[in-house]
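Here the structure is laid out as structure tokens; the discussion comes afterwards.
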Amino acid sequence: MSIPSLELQIQTLPDSPGVYQYYDKDGKILYVGKAKNLKKRVASYFNKVHDTAKTNVLVKKIVSIKHIVVPTETDALLLENNLIKKLQPRYNVLLKDDKTYPWICIKKEPFSRIFPTRNMIKDGSEYFGPYTSFKTVNTLLELIKELYPLRTCNYDLSKANIDSGKYKVCLEYHIGNCKGPCEGYESLENYQRQVDAIREILKGNFKESLKDFKKHMTALAMEMKFEEAQKIKDKIEVLENYQAKSTILNPKISNIDVFSIVSDESMAYVNFLQISHGAIIRSHTMELKKKLEETDQELLELAIVELRERFRLNSKEIIVPFEMDFGDALRVTVPKLGDKKQILDLSERNAKYYRLDQLKQIKIVDPDRHTNRIMAQMQKDLRLSVEPRHIECFDNSNIQGTNPVSACVVFKDGKPSKKDYRHFNIKTVEGPNDFASMEEVVYRRYKRLLDENQPLPQLIIIDGGKGQLSSALKSLEELGLRGKIAIIGIAKRLEEIYYPGDSVPMYLDKKSETLKTIQHLRNEAHRFGITFHRDKRSKNALQTSIESIPGIGEKTMITLLTHFKSVKRLAQASEKEISDVVGLSKAKKITEFYKATNSSE
């Protein structure tokens with residue numbers, strides 16, 4: 001059976017919410033997506049040229065389209081998530097986290113055991129979690145062990161077995177870690193009351209346990225049992241200390257999940273915090289590898305569905321950074337101030353720190369991947385047609401119009417290529433004229449590269465605003481390079497980025513790696529230019545002094561300037577001070593010269 005044309009397949013799609021699937025000529029799944037309106041969404045792929053090469057490649061490979069209609073957009077989101085995990089299409093976001101997480105189990109049995117596990121068995125037992133690390137699990141279990149003496153054995157403690165005297169107490173009983181329910185020393189009612197308290201602690205509610213302990217401590221003190229009361233007081237301190245570490249906001253904020261996202265060109269990082277009774281009872285950051293030009297909202301929607309399913313979250317409210325629709329069953333809050341905004345900021349900070357840690361690791365383990373990511377980010381941020389693997393930056397240096405020079409620094413793959421740096425003495429411009437100087441050096445630089453058949457940069461950065469950028473552009477036009485090399489100007493004061501022919505500047509995020517790389521280039525050009533300018537000025541000053549004193553050679557003058565640090569100090573020095581350095585006859589010539597100069601002035 002032949003496959004209908006794509007045009008026909010799109011025309012017959014319904015105007016309903018649903019999930020669409022793209023397949024190639026071999027029937028292999030390429031992409032799964034969700035839509036509020038299937039026909040409009042799918043048609044949008046085929047009626048324009050996309051910004052990213054990956055999306056354009058995907059569109060060229062599509063041969064057939066399948067779809068599933070669902071009642072609402074929320075259902076489409078859930079179905080999309082399940083299909084992505086099941087089919088793993090090549091062009092879909094990759095959820096990089098597929099670990100099996102630990103749970104804390106309260107076993108359904110008389111005198112319930114409480115222990116960590118990675119396997120959930122559907123036998124009526126309660127499972128709390130999953131937790132994102134065994135460290136969290138062990139901290140909680142140690143806390144529970146300090147507060148409540150529970151059994152650790154695997155015995156079947158049915159009433160018949162206890163009454164028949166089948167079991168004997170073990171070492172745990174003798175050292176005070178267990179109250180001996182196996183021999184009937186502890187009632188089932190009392191034991192299960194402790195389990196109820198532990199259940200509340202696992203939910204993040206410390207209030208009931210603290211109330212019970214304080215009540216118990218007071219009763220013991222009234223009975224003059226001060227040693228036992230002190231033991232209970234120690235337990236209160238342990239519980240309060242744990243609570244202080246985990247409580248960060250209003251205890252009235254309970255059963256809420258918080259989600260935030262930070263992303264770059266290739267990856268997104270979604271942090272999730274679970275809040276119960278004002279305490280963070282779980283935190284986790286998930287990595288998502290981008291495949292197409294997915295927005296933060298699309299990525300966060302997908303991550304929320306996945307995390308709620310994975311961690312079996314049943315909260316009725318979520319806190320997120322922007323508006324979303326998950327149907328009537330879930331309330332979405334986008335806070336602007338207060339405790340909820342504070343917890344959203346904390347979640348975002350966690351995501352940022354996680355991203356920075358990952359990037360530091362990549363930089364060490366895989367520097368090429370780090371470079372590729374920065375180049376791709378710069379291409380996107382600066383709206384370039386290619387990655388700026390070779391960048392050149394120009395800066396003019398002159399002080400009150402003296403010794404005008406220019407510097408050109410070169411970065412390759414985001415790093416300084418110092419062997420390619422170049423200095424320029426301004427030849428055709430009289431006096432301090434930044435615009436004319438920029439025009440001259442840009443022309444000379446690229447005329448030479450063209451004459452010598454050297455590779456040209458993908459990006460030129462001009463240190464200056466619209467005026468300097470226009471001057472540089474004239475030279476590129478004269479050389480026939482306008483439009484062949486991207487060129488931008490960076491103004492010093494507000495870090496404004498200027499484009500040719502556009503009077504409105506672009507502002508990059510102050511923390512972005514693109515701006516940091518541009519600033520590095522600009523600062524390096526400035527440093528390189530200023531150093532050359534100072535050297536030239538000093539040499540000119542030295543040459544002026546040497547030429548002015550008859551009978552004193554360059555070597556003698558350098559020796560004197562090294563000793564006296566400046567021409568001014570040398571002119572003020574006595575004959576004796578100078579003769580100590582270069583001898584009496586030369587000292588006489590120098591002092592006589594400066595006396596004559598001063599008297600003539």
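Residue numbering restarts at 1 for every chain of the structure tokens, chains are lettered A, B, ... in their displayed order, and ligands are numbered from 1 as they appear.
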All strand (DSSP E or B) residues (DSSP, backbone) inside segment 271-489 of chain A, as a PyMOL selection string: chain A and resi 271-276+279-289+317-319+331-333+390-399+402-412+415-416+422-425+459-463+482+485-489
Which residues, written as a short mmCIF file (atom, residue, chain, number, x, y, z; two decimals) with all heavy atoms, in the first residue's frame, have at least one atom at most 9 Å from Thr517 of chain A, with only C-alpha atoms counted and residues fewer than 3 positions away on the same chain left out?
data_model
loop_
_atom_site.label_atom_id
_atom_site.label_comp_id
_atom_site.auth_asym_id
_atom_site.auth_seq_id
_atom_site.Cartn_x
_atom_site.Cartn_y
_atom_site.Cartn_z
N ILE A 374 30.32 26.44 23.83
CA ILE A 374 30.46 27.91 23.85
C ILE A 374 30.32 28.48 22.44
O ILE A 374 29.67 29.51 22.23
CB ILE A 374 31.80 28.32 24.50
CG1 ILE A 374 31.74 28.04 26.01
CG2 ILE A 374 32.10 29.80 24.26
CD1 ILE A 374 33.02 28.29 26.76
N MET A 378 27.53 31.14 21.27
CA MET A 378 27.87 32.45 20.67
C MET A 378 27.17 32.63 19.33
O MET A 378 26.66 33.70 19.03
CB MET A 378 29.39 32.57 20.49
CG MET A 378 30.14 32.81 21.78
SD MET A 378 31.88 33.26 21.51
CE MET A 378 31.72 35.01 21.07
N GLY A 414 37.64 30.07 20.95
CA GLY A 414 37.35 30.70 22.23
C GLY A 414 38.55 30.97 23.11
O GLY A 414 38.40 31.42 24.25
N LYS A 415 39.78 30.71 22.60
CA LYS A 415 40.99 30.90 23.41
C LYS A 415 41.96 31.83 22.69
O LYS A 415 42.03 31.81 21.46
CB LYS A 415 41.68 29.56 23.67
CG LYS A 415 40.82 28.56 24.45
CD LYS A 415 41.55 27.24 24.62
CE LYS A 415 40.60 26.16 25.10
NZ LYS A 415 39.71 25.63 24.07
N SER A 512 26.17 35.78 30.80
CA SER A 512 26.28 34.83 29.68
C SER A 512 27.73 34.61 29.27
O SER A 512 28.56 35.51 29.34
CB SER A 512 25.46 35.30 28.48
OG SER A 512 26.15 36.33 27.81
N GLU A 513 28.01 33.39 28.82
CA GLU A 513 29.37 33.05 28.40
C GLU A 513 29.75 33.80 27.12
O GLU A 513 30.92 34.09 26.90
CB GLU A 513 29.48 31.54 28.21
CG GLU A 513 29.57 30.82 29.53
CD GLU A 513 29.44 29.32 29.41
OE1 GLU A 513 28.49 28.84 28.78
OE2 GLU A 513 30.30 28.62 29.95
N THR A 514 28.76 34.13 26.30
CA THR A 514 29.02 34.90 25.08
C THR A 514 29.58 36.28 25.45
O THR A 514 30.61 36.70 24.91
CB THR A 514 27.72 35.05 24.26
OG1 THR A 514 27.27 33.75 23.89
CG2 THR A 514 27.94 35.89 23.02
N HIS A 520 36.47 39.28 27.35
CA HIS A 520 37.85 38.76 27.40
C HIS A 520 38.64 39.26 26.18
O HIS A 520 39.77 39.74 26.31
CB HIS A 520 37.81 37.23 27.45
CG HIS A 520 39.14 36.59 27.69
ND1 HIS A 520 39.32 35.22 27.66
CD2 HIS A 520 40.37 37.12 27.94
CE1 HIS A 520 40.60 34.96 27.88
NE2 HIS A 520 41.25 36.09 28.06
N LEU A 521 38.03 39.19 25.00
CA LEU A 521 38.67 39.67 23.77
C LEU A 521 38.95 41.18 23.88
O LEU A 521 40.07 41.63 23.59
CB LEU A 521 37.74 39.43 22.58
CG LEU A 521 37.87 38.09 21.87
CD1 LEU A 521 36.53 37.61 21.37
CD2 LEU A 521 38.85 38.18 20.71
N ARG A 522 37.94 41.95 24.29
CA ARG A 522 38.08 43.40 24.39
C ARG A 522 39.17 43.78 25.38
O ARG A 522 40.01 44.63 25.11
CB ARG A 522 36.73 43.99 24.78
CG ARG A 522 36.58 45.49 24.65
CD ARG A 522 36.83 46.25 25.92
NE ARG A 522 36.19 45.70 27.08
CZ ARG A 522 34.89 45.90 27.39
NH1 ARG A 522 34.11 46.60 26.63
NH2 ARG A 522 34.42 45.39 28.51
#
Can you pull out the residues contacting Thr218 of chain A? Cut-off 8 Å, using only C-alpha atoms, and skip same-chain residues under 4 positions away; I want them as a PyMOL selection string. chain A and resi 214+222+229
Restricting it to all heavy atoms, dump the selection as a JSON list (two decimals), in the first residue's frame.
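Result file follows (out.json):
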[["chain", "number", "residue", "atom", "x", "y", "z"],
["A", 214, "LYS", "N", 7.97, 16.05, 74.21],
["A", 214, "LYS", "CA", 7.96, 17.07, 75.27],
["A", 214, "LYS", "C", 7.01, 16.69, 76.40],
["A", 214, "LYS", "O", 7.29, 16.91, 77.58],
["A", 214, "LYS", "CB", 7.58, 18.43, 74.66],
["A", 214, "LYS", "CG", 8.74, 19.08, 73.90],
["A", 214, "LYS", "CD", 8.35, 20.34, 73.16],
["A", 214, "LYS", "CE", 9.55, 20.90, 72.39],
["A", 214, "LYS", "NZ", 9.19, 22.02, 71.51],
["A", 222, "MET", "N", 8.37, 15.17, 86.33],
["A", 222, "MET", "CA", 7.44, 15.27, 87.46],
["A", 222, "MET", "C", 7.59, 14.07, 88.40],
["A", 222, "MET", "O", 7.40, 14.17, 89.60],
["A", 222, "MET", "CB", 5.99, 15.34, 86.95],
["A", 222, "MET", "CG", 5.67, 16.60, 86.15],
["A", 222, "MET", "SD", 5.61, 18.09, 87.14],
["A", 222, "MET", "CE", 4.01, 17.90, 87.92],
["A", 229, "ALA", "N", 14.41, 11.52, 81.67],
["A", 229, "ALA", "CA", 13.93, 12.78, 81.07],
["A", 229, "ALA", "C", 15.03, 13.41, 80.21],
["A", 229, "ALA", "O", 14.75, 13.97, 79.14],
["A", 229, "ALA", "CB", 13.50, 13.74, 82.17]]
I'd like the contact shell of His370 of chain A - 12 Å cut-off, only C-alpha atoms, skipping same-chain residues fewer than 2 positions apart - returned as a ChimeraX atom specification. /A:264-266,356,358-368,372-377,413-415,513
If you keep N, CA, C and O atoms, can you produce a file of those selected residues as an mmCIF file, in the first residue's frame?
data_model
loop_
_atom_site.group_PDB
_atom_site.id
_atom_site.type_symbol
_atom_site.label_atom_id
_atom_site.label_comp_id
_atom_site.auth_asym_id
_atom_site.auth_seq_id
_atom_site.Cartn_x
_atom_site.Cartn_y
_atom_site.Cartn_z
ATOM 1 N N ASP A 264 20.981 26.006 28.389
ATOM 2 C CA ASP A 264 21.903 26.642 27.450
ATOM 3 C C ASP A 264 21.601 26.084 26.063
ATOM 4 O O ASP A 264 20.508 25.555 25.831
ATOM 5 N N GLU A 265 22.557 26.170 25.162
ATOM 6 C CA GLU A 265 22.313 25.781 23.774
ATOM 7 C C GLU A 265 21.953 24.299 23.623
ATOM 8 O O GLU A 265 21.107 23.927 22.839
ATOM 9 N N SER A 266 22.593 23.427 24.428
ATOM 10 C CA SER A 266 22.423 21.986 24.198
ATOM 11 C C SER A 266 21.728 21.247 25.333
ATOM 12 O O SER A 266 21.210 20.160 25.126
ATOM 13 N N LEU A 356 26.580 24.418 36.688
ATOM 14 C CA LEU A 356 27.982 24.848 36.778
ATOM 15 C C LEU A 356 28.906 23.679 37.118
ATOM 16 O O LEU A 356 29.992 23.553 36.555
ATOM 17 N N GLN A 358 28.376 20.519 36.412
ATOM 18 C CA GLN A 358 28.467 19.672 35.216
ATOM 19 C C GLN A 358 29.429 20.279 34.190
ATOM 20 O O GLN A 358 30.239 19.585 33.589
ATOM 21 N N LEU A 359 29.342 21.617 34.009
ATOM 22 C CA LEU A 359 30.201 22.288 33.030
ATOM 23 C C LEU A 359 31.668 22.228 33.439
ATOM 24 O O LEU A 359 32.553 22.060 32.603
ATOM 25 N N LYS A 360 31.930 22.370 34.744
ATOM 26 C CA LYS A 360 33.311 22.273 35.231
ATOM 27 C C LYS A 360 33.874 20.885 34.952
ATOM 28 O O LYS A 360 35.029 20.720 34.547
ATOM 29 N N GLN A 361 33.044 19.863 35.181
ATOM 30 C CA GLN A 361 33.485 18.479 34.927
ATOM 31 C C GLN A 361 33.769 18.271 33.442
ATOM 32 O O GLN A 361 34.773 17.662 33.064
ATOM 33 N N ILE A 362 32.863 18.787 32.588
ATOM 34 C CA ILE A 362 33.044 18.638 31.133
ATOM 35 C C ILE A 362 34.322 19.330 30.687
ATOM 36 O O ILE A 362 35.078 18.801 29.870
ATOM 37 N N LYS A 363 34.579 20.533 31.256
ATOM 38 C CA LYS A 363 35.765 21.304 30.873
ATOM 39 C C LYS A 363 37.041 20.514 31.146
ATOM 40 O O LYS A 363 38.002 20.560 30.387
ATOM 41 N N ILE A 364 37.033 19.766 32.265
ATOM 42 C CA ILE A 364 38.208 18.970 32.641
ATOM 43 C C ILE A 364 38.280 17.689 31.816
ATOM 44 O O ILE A 364 39.310 17.347 31.243
ATOM 45 N N VAL A 365 37.154 16.974 31.745
ATOM 46 C CA VAL A 365 37.137 15.641 31.111
ATOM 47 C C VAL A 365 37.096 15.737 29.585
ATOM 48 O O VAL A 365 37.749 14.975 28.889
ATOM 49 N N ASP A 366 36.315 16.696 29.067
ATOM 50 C CA ASP A 366 36.120 16.781 27.615
ATOM 51 C C ASP A 366 36.174 18.252 27.165
ATOM 52 O O ASP A 366 35.145 18.872 26.912
ATOM 53 N N PRO A 367 37.396 18.826 27.079
ATOM 54 C CA PRO A 367 37.504 20.256 26.733
ATOM 55 C C PRO A 367 36.915 20.595 25.367
ATOM 56 O O PRO A 367 36.411 21.696 25.160
ATOM 57 N N ASP A 368 36.960 19.656 24.413
ATOM 58 C CA ASP A 368 36.403 19.926 23.071
ATOM 59 C C ASP A 368 34.895 20.153 23.144
ATOM 60 O O ASP A 368 34.353 21.020 22.480
ATOM 61 N N ASN A 372 32.909 23.436 21.985
ATOM 62 C CA ASN A 372 31.803 23.330 21.018
ATOM 63 C C ASN A 372 30.534 23.982 21.565
ATOM 64 O O ASN A 372 29.797 24.648 20.838
ATOM 65 N N ARG A 373 30.291 23.787 22.870
ATOM 66 C CA ARG A 373 29.088 24.349 23.485
ATOM 67 C C ARG A 373 29.149 25.885 23.482
ATOM 68 O O ARG A 373 28.180 26.548 23.139
ATOM 69 N N ILE A 374 30.320 26.440 23.828
ATOM 70 C CA ILE A 374 30.457 27.906 23.853
ATOM 71 C C ILE A 374 30.325 28.485 22.445
ATOM 72 O O ILE A 374 29.673 29.505 22.232
ATOM 73 N N MET A 375 30.928 27.819 21.465
ATOM 74 C CA MET A 375 30.836 28.302 20.079
ATOM 75 C C MET A 375 29.381 28.287 19.587
ATOM 76 O O MET A 375 28.921 29.236 18.957
ATOM 77 N N ALA A 376 28.671 27.208 19.903
ATOM 78 C CA ALA A 376 27.259 27.109 19.490
ATOM 79 C C ALA A 376 26.427 28.189 20.187
ATOM 80 O O ALA A 376 25.540 28.794 19.582
ATOM 81 N N GLN A 377 26.740 28.448 21.462
ATOM 82 C CA GLN A 377 26.013 29.469 22.222
ATOM 83 C C GLN A 377 26.269 30.860 21.641
ATOM 84 O O GLN A 377 25.351 31.668 21.502
ATOM 85 N N ASP A 413 38.835 29.119 18.612
ATOM 86 C CA ASP A 413 38.064 28.200 19.465
ATOM 87 C C ASP A 413 37.881 28.759 20.876
ATOM 88 O O ASP A 413 37.972 28.034 21.870
ATOM 89 N N GLY A 414 37.645 30.072 20.949
ATOM 90 C CA GLY A 414 37.348 30.702 22.228
ATOM 91 C C GLY A 414 38.552 30.974 23.110
ATOM 92 O O GLY A 414 38.400 31.419 24.245
ATOM 93 N N LYS A 415 39.780 30.708 22.596
ATOM 94 C CA LYS A 415 40.989 30.897 23.409
ATOM 95 C C LYS A 415 41.965 31.833 22.690
ATOM 96 O O LYS A 415 42.029 31.812 21.456
ATOM 97 N N GLU A 513 28.014 33.393 28.824
ATOM 98 C CA GLU A 513 29.375 33.049 28.400
ATOM 99 C C GLU A 513 29.753 33.798 27.123
ATOM 100 O O GLU A 513 30.925 34.088 26.897
#
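Counting only C-alpha atoms, the residue from A:Cys408, A:Ile558, A:Leu202, A:Ile275 that sits nearest to Ile256 of chain A is A:Ile275.
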Of A:Ile84, A:Leu481, A:Leu459, A:Ala587, the one sitting nearest Leu384 of chain A when using only C-alpha atoms is A:Leu459
